[in-house]
Each structure stands twice: as C-alpha cells, then as structure tokens.
Amino acid sequence: MGEAFGPLLQEAREKIKHVEPWQRGTQRTPSTAFCILVRLFQLGLTEAHMTKLLAQKDRPLVRAVGFLYLRYVLKPELLWRYCEDVFIDDGRAILEEGRKETLGEWLRGVLTSQQYHGTQLPRIPTKIDRDIRARVALVDESRERASDNARYLDRFEPGCQVRAIYGDSKNEPAWYDAVVESIEKDTDDAGKERVRFQVQFPDYGHGALVRLGDLDTRNNDSNGESLLKGKKLKVAQSQQSQAAPDKFTYSRPKGYKETLALKMDHASDRLERERARHGEEKPSRARYTREGRRDDDDSRPRSRRDDDARYERSRRDDD
C-alpha cells in the first residue's frame with residue numbers, strides 16, 4: 001500500500017483546489033479532493049500514513065483532506081487528539097487562495113457540525129460533542145491569554161514559578177503549579193513564530209511542553225480542578241435553550257372520564273357542517289314503516305319476508 005500512497009499524496013498536493021464535495025458549479029460531479037478521499041478509504045491508512053498526510057504544512061488543503069478522513073472513519077472520542085494543535089496555534093494558514101478562512105476555522109466547523117456543504121457527516125454522540133465544544137471554548141480562552149502574555153514574556157523566563165495547564169488522555173485539563181525550565185521557538189504552518197515552554201511540575205515529578213496561552217502568573221485555589229466541568233455545563237445549557245421553543249405552555253392531559261364527555265365527530269356531523277358552509281338545506285329525515293322501508297321510497301332493496309308480506313296484502317285487496 002505504501003507504493004500507492006506516495007503517488008496519491010503527490011496528486012493531492014498538485015491537483016486539489018478546494019475541499020468541497022462537488023465541483024463548483026455542479027451538484028453531480030465529485031470534486032478532486034473527495035475522489036482522493038474515497039481512494040484513501042479504499043487503501044485504509046495506517047498511523048504512519050496519517051502522520052505524513054497531516055504533516056504537509058505547506059499544503060493546507062492536503063491536511064484538510066486528512067482531517068476529513070479522520071472525521072469519517074475515526075472514533076469520535078479520538079478526534080481531539082489529532083485536532084488540538086491545529087485549533088490552538090498550528091492552523092493559521094489560509095485554507096484556500098482568495099479566501100480568508102484558515103485551516104483552524106474550517107476544522108472548527110467540521111468538528112462541531114453534522115452538515116458539510118449539503119452532505120451528512122457521521123454523528124458525534126452528545127457527550128463527546130459537548131466535550132469537544134468545551135475544549136474549543138478553552139482554546140478560545142487560551143488564545144486571549146496568549147495575546148496578553150506576549151506583552152510580558154519576562155515573567156516566563158527559565159526558573160520562574162508559574163501556573164500551567166496540563167491534561168492528557170486520562171486527566172482533563174487543569175491548572176497546576178509549575179516551574180519554567182526552557183523556552184523553545186519554532187514556526188507554525190503559516191510561517192509565523194510560536195513560543196513554547198518546557199515546564200516541570202514539582203508536585204508530580206514530571207514535565208510537559210506547554211503553550212504561551214497555557215501559562216499564568218496569578219495564583220488561585222483551583223489546583224488540579226478540571227476546567228471542562230463548567231464549560232460542559234454551559235454548552236449543555238446553550239444546547240437546551242436552542243432546542244426549546246420560545247414559549248412553552250403545559251396542559252394537563254385529559255382523563256378517562258373527561259374524554260367520555262367529549263362529542264364524537266361522526267361522518268354525519270361533518271356532512272352537516274359541509275352543507276351549512278355551502279348554504280345547502282338539510283334534507284328531511286325519512287319516516288320508516290314497521291316493515292323497514294320508507295314510505296316515500298320503494299326503491300330500497302327488500303328482503304324475501306318483505307316481498308311475502310306485500311304479496312299477502314295485494315291478495316287481500318283483490319278479494
């Protein structure tokens with residue numbers, strides 16, 4: 001499969017112009033990006049192939065195809081592990097020439113929506129969806145914090161005591177006491193410089209590489225307390241308020257005895273209402289004899305007993 005993946009990756013780098021499902025201007029011709037995506041489904045990518053596909057930082061559209069692949073085939077609970085860096089500081093490259101949307105902004109829509117340009121994406125369970133939205137909210141806060149910290153970089157020199165956010169697959173993000181050990185600088189996919197900090201957590205005996213937005217010098221008492229709990233609650237409340245109608249009135253269901261007192265809607269009642277609506281007169285009700293036929297109508301089908309009684313009456317009249 002490695003021999004097939006290489007030429008396919010090169011074709012994606014050269015020919016993909018956008019990542020919409022259809023060729024622009026049509027609704028029947030699939031786009032180049034989705035043709036390559038289907039071919040990737042057929043190949044079945046390994047972890048090494050996926051890493052190579054997402055590492056094409058000079059081709060944001062190729063990386064977008066990789067994230068679409070993950071969105072379709074990966075378990076929802078594993079999506080954030082691949083998307084976190086792009087959300088925070090590695091998705092600032094413009095996705096498509098002539099437009100302002102970045103890769104991170106595009107990925108946000110793919111993860112938080114089930115619709116993609118008129119097509120249906122796999123459903124993400126509600127619990128995981130709320131977790132992703134809560135993490136996205138933390139990313140937004142981290143970006144604001146990073147812009148504030150950028151003006152006071154001297155506070156995060158090696159040896160300074162700070163508060164750092166740490167989280168992994170087993171622990172949700174939380175604030176911990178830390179000490180800055182070193183500063184690392186590199187560039188993101190847009191060619192802009194980004195700064196990261198190697199910190200050590202004295203209470204836990206291990207370190208981590210954190211971003212500028214995950215550091216703070218202010219002290220608080222929420223050491224080790226999850227930052228996602230409050231975010232998840234706000235997301236749940238927001239979803240419930242959007243799903244609920246503006247005005248909701250509750251009426252007690254009618255009981256058994258109450259329903260018995262309701263007037264039944266017979267076909268004859270509906271017919272009378274239709275006649276009244278059209279201004280027609282109500283026909284007079286016919287009077288029936290003991291023999292079961294109407295006095296003014298002899299065309300009703302009669303039984304054999306009715307015929308015998310009529311015959312006997314005619315004989316008596318003749319005599």
# chains A, B, ... in the order shown; residues from 1 in each chain; ligands from 1
>>> closest_atom_pairs(of="region 50-134 of chain A", to="region 2-12 of chain A", cutoff="10 Å", atoms="only C-alpha atoms", output="JSON lines")
{"residue": "A:Lys52", "atom": "CA", "partner": "A:Leu9", "partner_atom": "CA", "distance": 9.3}
{"residue": "A:Leu53", "atom": "CA", "partner": "A:Leu9", "partner_atom": "CA", "distance": 7.5}
{"residue": "A:Gln56", "atom": "CA", "partner": "A:Leu9", "partner_atom": "CA", "distance": 9.7}
{"residue": "A:Arg59", "atom": "CA", "partner": "A:Ala12", "partner_atom": "CA", "distance": 9.2}
{"residue": "A:Leu61", "atom": "CA", "partner": "A:Ala12", "partner_atom": "CA", "distance": 8.5}
{"residue": "A:Val62", "atom": "CA", "partner": "A:Ala12", "partner_atom": "CA", "distance": 6.3}
{"residue": "A:Arg63", "atom": "CA", "partner": "A:Ala12", "partner_atom": "CA", "distance": 9.9}
{"residue": "A:Val65", "atom": "CA", "partner": "A:Ala12", "partner_atom": "CA", "distance": 8.8}
>>> write_last_selection(atoms="N, CA and C atoms", output="CSV table (one decimal), in the first residue's frame")
chain,number,residue,atom,x,y,z
A,52,LYS,N,2.0,11.4,8.1
A,52,LYS,CA,2.6,12.0,6.9
A,52,LYS,C,1.7,12.9,6.2
A,53,LEU,N,0.4,12.5,6.1
A,53,LEU,CA,-0.6,13.3,5.5
A,53,LEU,C,-0.9,14.6,6.2
A,56,GLN,N,1.8,17.9,6.0
A,56,GLN,CA,2.0,18.7,4.8
A,56,GLN,C,1.6,20.1,5.1
A,59,ARG,N,0.8,22.7,2.4
A,59,ARG,CA,-0.4,22.4,1.7
A,59,ARG,C,-1.6,22.2,2.6
A,61,LEU,N,-4.7,22.4,2.1
A,61,LEU,CA,-5.8,21.6,1.5
A,61,LEU,C,-5.6,20.1,1.7
A,62,VAL,N,-4.3,19.7,1.6
A,62,VAL,CA,-4.0,18.3,1.8
A,62,VAL,C,-4.2,17.9,3.2
A,63,ARG,N,-3.8,18.8,4.2
A,63,ARG,CA,-4.1,18.5,5.6
A,63,ARG,C,-5.6,18.4,5.8
A,65,VAL,N,-7.9,17.4,3.8
A,65,VAL,CA,-8.4,16.0,3.3
A,65,VAL,C,-8.0,15.0,4.4
>>> select_by_dssp(residues="region 28-250 of chain A", states="strand (DSSP E or B)", output="JSON, numbers by chain")
{"A": [30, 94, 102, 115, 116, 119, 120, 161, 162, 163, 164, 165, 166, 174, 175, 176, 177, 178, 179, 180, 181, 182, 183, 184, 185, 186, 187, 193, 194, 195, 196, 197, 198, 199, 200, 201, 206, 207, 208, 209, 210, 211, 215, 216, 223, 226]}
>>> residues_around(residues="Leu209 (chain A)", least_positions_apart="6", cutoff="12 Å", atoms="only C-alpha atoms", output="list in words")
Ala164, Ile165, Tyr166, Gly167, Ala178, Val179, Val180, Glu181, Ser182, Ile183, Glu184, Lys185, Val195, Arg196, Phe197, Gln198, Val199, Gln200, Phe201 and Leu215 of chain A
>>> closest_residue(among="A:Ser226, A:Gly213, A:Leu138, A:His49", to="Lys170 (chain A)", atoms="only C-alpha atoms")
A:Ser226
>>> residues_around(residues="region 81-94 of chain A", least_positions_apart="5", cutoff="7 Å", atoms="only C-alpha atoms", output="ChimeraX atom specification")
/A:60,100-104,139,188-190
>>> residues_around(residues="Pro122 (chain A)", least_positions_apart="6", cutoff="10 Å", atoms="only C-alpha atoms", output="count of residues only")
8
>>> atom_distance(atom1="CA of Asp216 (chain A)", atom2="CA of Asp186 (chain A)")
21.2 Å
>>> select_by_dssp(residues="region 10-213 of chain A", states="alpha helix (DSSP H)", output="short mmCIF file (atom, residue, chain, number, x, y, z; two decimals) with N, CA, C and O atoms, in the first residue's frame")
data_model
loop_
_atom_site.label_atom_id
_atom_site.label_comp_id
_atom_site.auth_asym_id
_atom_site.auth_seq_id
_atom_site.Cartn_x
_atom_site.Cartn_y
_atom_site.Cartn_z
N GLN A 10 1.13 12.81 -3.80
CA GLN A 10 1.66 13.79 -4.76
C GLN A 10 0.54 14.37 -5.62
O GLN A 10 0.53 15.57 -5.90
N GLU A 11 -0.39 13.53 -6.01
CA GLU A 11 -1.53 14.01 -6.80
C GLU A 11 -2.38 14.99 -5.98
O GLU A 11 -2.87 15.99 -6.51
N ALA A 12 -2.54 14.70 -4.70
CA ALA A 12 -3.31 15.59 -3.84
C ALA A 12 -2.62 16.95 -3.71
O ALA A 12 -3.27 18.00 -3.73
N ARG A 13 -1.31 16.96 -3.61
CA ARG A 13 -0.57 18.21 -3.48
C ARG A 13 -0.69 19.06 -4.74
O ARG A 13 -0.69 20.29 -4.68
N GLU A 14 -0.80 18.42 -5.89
CA GLU A 14 -0.78 19.15 -7.15
C GLU A 14 -2.17 19.55 -7.64
O GLU A 14 -2.34 20.61 -8.25
N LYS A 15 -3.19 18.74 -7.39
CA LYS A 15 -4.46 18.93 -8.07
C LYS A 15 -5.61 19.44 -7.19
O LYS A 15 -6.61 19.92 -7.72
N THR A 32 -12.14 16.80 -6.91
CA THR A 32 -10.88 16.06 -6.86
C THR A 32 -10.55 15.63 -5.44
O THR A 32 -10.08 14.52 -5.20
N ALA A 33 -10.81 16.52 -4.48
CA ALA A 33 -10.50 16.21 -3.08
C ALA A 33 -11.27 14.98 -2.61
O ALA A 33 -10.72 14.10 -1.94
N PHE A 34 -12.55 14.88 -2.95
CA PHE A 34 -13.35 13.75 -2.47
C PHE A 34 -13.05 12.48 -3.26
O PHE A 34 -13.22 11.38 -2.73
N CYS A 35 -12.62 12.60 -4.50
CA CYS A 35 -12.18 11.41 -5.23
C CYS A 35 -10.93 10.83 -4.58
O CYS A 35 -10.83 9.60 -4.40
N ILE A 36 -10.02 11.69 -4.19
CA ILE A 36 -8.82 11.22 -3.49
C ILE A 36 -9.19 10.69 -2.11
O ILE A 36 -8.63 9.68 -1.65
N LEU A 37 -10.17 11.31 -1.46
CA LEU A 37 -10.61 10.84 -0.15
C LEU A 37 -11.19 9.43 -0.24
O LEU A 37 -10.91 8.58 0.62
N VAL A 38 -11.99 9.17 -1.26
CA VAL A 38 -12.54 7.82 -1.44
C VAL A 38 -11.42 6.81 -1.67
O VAL A 38 -11.46 5.68 -1.17
N ARG A 39 -10.43 7.22 -2.44
CA ARG A 39 -9.29 6.32 -2.69
C ARG A 39 -8.54 6.03 -1.38
O ARG A 39 -8.09 4.90 -1.15
N LEU A 40 -8.45 7.01 -0.50
CA LEU A 40 -7.81 6.79 0.80
C LEU A 40 -8.63 5.82 1.65
O LEU A 40 -8.06 5.00 2.38
N PHE A 41 -9.95 5.91 1.54
CA PHE A 41 -10.80 4.94 2.24
C PHE A 41 -10.49 3.51 1.76
O PHE A 41 -10.44 2.57 2.57
N GLN A 42 -10.31 3.37 0.47
CA GLN A 42 -10.04 2.04 -0.08
C GLN A 42 -8.68 1.51 0.35
O GLN A 42 -8.53 0.31 0.59
N LEU A 43 -7.71 2.41 0.48
CA LEU A 43 -6.37 1.97 0.89
C LEU A 43 -6.34 1.59 2.37
O LEU A 43 -5.70 0.63 2.75
N GLU A 47 -1.23 4.54 10.89
CA GLU A 47 -0.84 5.69 11.71
C GLU A 47 0.29 6.48 11.05
O GLU A 47 0.30 7.72 11.06
N ALA A 48 1.25 5.77 10.44
CA ALA A 48 2.37 6.45 9.78
C ALA A 48 1.89 7.25 8.57
O ALA A 48 2.35 8.37 8.34
N HIS A 49 0.98 6.68 7.80
CA HIS A 49 0.45 7.40 6.64
C HIS A 49 -0.32 8.64 7.09
O HIS A 49 -0.23 9.71 6.46
N MET A 50 -1.10 8.50 8.17
CA MET A 50 -1.90 9.63 8.65
C MET A 50 -0.99 10.75 9.14
O MET A 50 -1.24 11.94 8.89
N THR A 51 0.09 10.39 9.82
CA THR A 51 1.03 11.39 10.30
C THR A 51 1.68 12.13 9.13
O THR A 51 1.85 13.36 9.17
N LYS A 52 2.04 11.42 8.10
CA LYS A 52 2.65 12.04 6.92
C LYS A 52 1.66 12.94 6.20
O LYS A 52 2.02 14.01 5.70
N LEU A 53 0.40 12.53 6.14
CA LEU A 53 -0.62 13.33 5.46
C LEU A 53 -0.88 14.64 6.20
O LEU A 53 -1.01 15.69 5.57
N LEU A 54 -0.93 14.58 7.52
CA LEU A 54 -1.20 15.77 8.31
C LEU A 54 0.03 16.66 8.47
O LEU A 54 -0.09 17.79 8.95
N PRO A 60 -2.21 23.34 3.04
CA PRO A 60 -3.35 23.22 3.98
C PRO A 60 -4.50 22.39 3.43
O PRO A 60 -5.19 21.71 4.20
N LEU A 61 -4.73 22.40 2.12
CA LEU A 61 -5.82 21.62 1.55
C LEU A 61 -5.57 20.12 1.70
O LEU A 61 -6.51 19.35 1.91
N VAL A 62 -4.31 19.71 1.60
CA VAL A 62 -3.98 18.30 1.78
C VAL A 62 -4.21 17.90 3.24
O VAL A 62 -4.74 16.82 3.53
N ARG A 63 -3.85 18.77 4.15
CA ARG A 63 -4.11 18.48 5.57
C ARG A 63 -5.62 18.42 5.83
O ARG A 63 -6.09 17.60 6.63
N ALA A 64 -6.38 19.28 5.15
CA ALA A 64 -7.83 19.27 5.32
C ALA A 64 -8.41 17.93 4.87
O ALA A 64 -9.34 17.40 5.51
N VAL A 65 -7.90 17.35 3.78
CA VAL A 65 -8.35 16.03 3.35
C VAL A 65 -8.05 14.99 4.42
O VAL A 65 -8.85 14.09 4.69
N GLY A 66 -6.90 15.12 5.07
CA GLY A 66 -6.57 14.21 6.15
C GLY A 66 -7.52 14.31 7.33
O GLY A 66 -7.94 13.30 7.90
N PHE A 67 -7.91 15.54 7.67
CA PHE A 67 -8.86 15.72 8.77
C PHE A 67 -10.26 15.22 8.38
O PHE A 67 -11.00 14.71 9.23
N LEU A 68 -10.63 15.37 7.12
CA LEU A 68 -11.92 14.80 6.67
C LEU A 68 -11.88 13.28 6.78
O LEU A 68 -12.88 12.65 7.17
N TYR A 69 -10.75 12.68 6.43
CA TYR A 69 -10.60 11.22 6.58
C TYR A 69 -10.83 10.81 8.03
O TYR A 69 -11.57 9.86 8.33
N LEU A 70 -10.21 11.54 8.96
CA LEU A 70 -10.38 11.22 10.37
C LEU A 70 -11.82 11.43 10.82
O LEU A 70 -12.35 10.65 11.61
N ARG A 71 -12.45 12.49 10.31
CA ARG A 71 -13.84 12.78 10.71
C ARG A 71 -14.78 11.68 10.29
O ARG A 71 -15.78 11.39 10.97
N TYR A 72 -14.49 11.01 9.17
CA TYR A 72 -15.37 9.95 8.68
C TYR A 72 -15.09 8.60 9.32
O TYR A 72 -16.03 7.83 9.55
N VAL A 73 -13.84 8.27 9.60
CA VAL A 73 -13.51 6.89 9.99
C VAL A 73 -13.07 6.75 11.44
O VAL A 73 -13.16 5.65 12.00
N LEU A 79 -10.87 12.09 18.18
CA LEU A 79 -10.69 13.18 17.23
C LEU A 79 -9.87 14.32 17.81
O LEU A 79 -9.01 14.90 17.11
N TRP A 80 -10.12 14.68 19.06
CA TRP A 80 -9.46 15.86 19.62
C TRP A 80 -7.95 15.69 19.68
O TRP A 80 -7.20 16.67 19.58
N ARG A 81 -7.47 14.49 19.86
CA ARG A 81 -6.02 14.27 19.96
C ARG A 81 -5.30 14.71 18.69
O ARG A 81 -4.18 15.22 18.75
N TYR A 82 -5.95 14.54 17.54
CA TYR A 82 -5.32 14.93 16.28
C TYR A 82 -5.57 16.40 15.94
O TYR A 82 -4.82 16.98 15.15
N CYS A 83 -6.61 16.98 16.49
CA CYS A 83 -7.02 18.32 16.08
C CYS A 83 -6.59 19.42 17.03
O CYS A 83 -6.70 20.60 16.68
N GLU A 84 -6.09 19.08 18.20
CA GLU A 84 -5.82 20.08 19.22
C GLU A 84 -4.80 21.11 18.75
O GLU A 84 -5.00 22.32 18.89
N ASP A 85 -3.68 20.66 18.19
CA ASP A 85 -2.63 21.59 17.76
C ASP A 85 -3.13 22.56 16.70
O ASP A 85 -2.78 23.74 16.71
N VAL A 86 -3.94 22.06 15.77
CA VAL A 86 -4.45 22.92 14.71
C VAL A 86 -5.38 23.98 15.28
O VAL A 86 -5.38 25.13 14.83
N PHE A 87 -6.16 23.63 16.27
CA PHE A 87 -7.06 24.59 16.89
C PHE A 87 -6.30 25.71 17.59
O PHE A 87 -6.70 26.88 17.55
N ILE A 88 -5.20 25.37 18.22
CA ILE A 88 -4.54 26.34 19.09
C ILE A 88 -3.58 27.24 18.31
O ILE A 88 -3.76 28.46 18.24
N LEU A 103 -7.26 27.20 8.25
CA LEU A 103 -7.46 25.76 8.47
C LEU A 103 -8.13 25.50 9.81
O LEU A 103 -9.01 24.64 9.93
N GLY A 104 -7.74 26.25 10.84
CA GLY A 104 -8.35 26.06 12.16
C GLY A 104 -9.82 26.43 12.18
O GLY A 104 -10.63 25.73 12.80
N GLU A 105 -10.20 27.50 11.50
CA GLU A 105 -11.60 27.89 11.44
C GLU A 105 -12.42 26.86 10.67
O GLU A 105 -13.56 26.55 11.03
N TRP A 106 -11.86 26.35 9.59
CA TRP A 106 -12.55 25.31 8.81
C TRP A 106 -12.72 24.05 9.65
O TRP A 106 -13.80 23.43 9.65
N LEU A 107 -11.70 23.66 10.39
CA LEU A 107 -11.76 22.44 11.20
C LEU A 107 -12.77 22.58 12.33
O LEU A 107 -13.42 21.60 12.71
N ARG A 108 -12.93 23.78 12.85
CA ARG A 108 -13.93 24.01 13.89
C ARG A 108 -15.33 23.66 13.39
O ARG A 108 -16.11 23.00 14.07
N GLY A 109 -15.65 24.08 12.17
CA GLY A 109 -16.95 23.76 11.60
C GLY A 109 -17.13 22.28 11.33
O GLY A 109 -18.22 21.73 11.50
N VAL A 110 -16.06 21.61 10.93
CA VAL A 110 -16.15 20.17 10.65
C VAL A 110 -16.41 19.37 11.93
O VAL A 110 -17.17 18.39 11.92
N LEU A 111 -15.81 19.79 13.03
CA LEU A 111 -15.95 19.04 14.28
C LEU A 111 -17.25 19.35 15.03
O LEU A 111 -17.76 18.50 15.75
N THR A 112 -17.76 20.54 14.87
CA THR A 112 -18.93 20.95 15.66
C THR A 112 -20.23 20.92 14.85
O THR A 112 -21.25 21.41 15.33
N THR A 126 -23.69 12.87 21.92
CA THR A 126 -23.89 14.13 22.63
C THR A 126 -22.82 14.37 23.70
O THR A 126 -22.30 15.48 23.82
N LYS A 127 -22.47 13.34 24.44
CA LYS A 127 -21.47 13.51 25.50
C LYS A 127 -20.13 13.93 24.92
O LYS A 127 -19.47 14.85 25.46
N ILE A 128 -19.71 13.30 23.84
CA ILE A 128 -18.42 13.64 23.23
C ILE A 128 -18.51 15.00 22.53
O ILE A 128 -17.55 15.78 22.54
N ASP A 129 -19.66 15.29 21.93
CA ASP A 129 -19.83 16.58 21.27
C ASP A 129 -19.70 17.73 22.29
O ASP A 129 -19.06 18.75 22.01
N ARG A 130 -20.28 17.57 23.46
CA ARG A 130 -20.16 18.61 24.49
C ARG A 130 -18.72 18.73 24.97
O ARG A 130 -18.25 19.84 25.27
N ASP A 131 -18.02 17.61 25.05
CA ASP A 131 -16.62 17.65 25.46
C ASP A 131 -15.79 18.42 24.44
O ASP A 131 -14.94 19.24 24.80
N ILE A 132 -16.04 18.19 23.14
CA ILE A 132 -15.29 18.89 22.10
C ILE A 132 -15.59 20.38 22.14
O ILE A 132 -14.68 21.23 22.05
N ARG A 133 -16.86 20.72 22.27
CA ARG A 133 -17.22 22.15 22.31
C ARG A 133 -16.64 22.83 23.54
O ARG A 133 -16.24 24.01 23.48
N ALA A 134 -16.56 22.12 24.67
CA ALA A 134 -15.96 22.70 25.87
C ALA A 134 -14.46 22.93 25.66
O ALA A 134 -13.91 23.96 26.09
N ARG A 135 -13.80 22.00 25.00
CA ARG A 135 -12.37 22.16 24.72
C ARG A 135 -12.12 23.30 23.73
O ARG A 135 -11.11 24.02 23.84
N VAL A 136 -13.02 23.47 22.78
CA VAL A 136 -12.90 24.60 21.85
C VAL A 136 -13.02 25.92 22.61
O VAL A 136 -12.31 26.89 22.33
N ALA A 137 -13.93 25.97 23.58
CA ALA A 137 -14.07 27.17 24.40
C ALA A 137 -12.80 27.45 25.19
O ALA A 137 -12.38 28.61 25.35
N LEU A 138 -12.14 26.38 25.70
CA LEU A 138 -10.87 26.56 26.40
C LEU A 138 -9.80 27.09 25.46
O LEU A 138 -8.94 27.90 25.86
N VAL A 139 -9.83 26.64 24.21
CA VAL A 139 -8.86 27.13 23.22
C VAL A 139 -9.04 28.62 22.99
O VAL A 139 -8.07 29.39 22.89
N ASP A 140 -10.29 29.06 22.91
CA ASP A 140 -10.55 30.49 22.72
C ASP A 140 -9.99 31.30 23.89
O ASP A 140 -9.40 32.37 23.70
N GLU A 141 -10.18 30.80 25.10
CA GLU A 141 -9.62 31.49 26.26
C GLU A 141 -8.10 31.47 26.24
O GLU A 141 -7.44 32.45 26.62
N SER A 142 -7.51 30.36 25.78
CA SER A 142 -6.07 30.25 25.71
C SER A 142 -5.48 31.26 24.72
O SER A 142 -4.41 31.83 24.95
N ARG A 143 -6.18 31.50 23.62
CA ARG A 143 -5.70 32.47 22.65
C ARG A 143 -5.71 33.88 23.24
O ARG A 143 -4.76 34.66 23.03
N GLU A 144 -6.76 34.22 23.96
CA GLU A 144 -6.82 35.54 24.59
C GLU A 144 -5.72 35.68 25.63
O GLU A 144 -5.08 36.73 25.75
N ARG A 145 -5.47 34.61 26.38
CA ARG A 145 -4.42 34.65 27.39
C ARG A 145 -3.05 34.78 26.75
O ARG A 145 -2.15 35.45 27.29
N ALA A 146 -2.87 34.13 25.60
CA ALA A 146 -1.58 34.20 24.91
C ALA A 146 -1.28 35.61 24.43
O ALA A 146 -0.14 36.08 24.50
N SER A 147 -2.31 36.30 23.92
CA SER A 147 -2.09 37.68 23.47
C SER A 147 -1.73 38.59 24.65
O SER A 147 -0.93 39.53 24.49
N ASP A 148 -2.29 38.32 25.82
CA ASP A 148 -1.93 39.12 27.00
C ASP A 148 -0.53 38.77 27.49
O ASP A 148 0.25 39.67 27.86
N ASN A 149 -0.19 37.48 27.50
CA ASN A 149 1.13 37.07 28.00
C ASN A 149 2.26 37.50 27.07
O ASN A 149 3.41 37.62 27.51
#
>>> closest_residue(among="A:Glu172, A:Glu96, A:Asp177, A:Glu20", to="Pro202 (chain A)", atoms="only C-alpha atoms")
A:Asp177
>>> closest_residue(among="A:Asp168, A:Val162, A:Gln242, A:Ala174", to="Arg218 (chain A)", atoms="only C-alpha atoms")
A:Val162
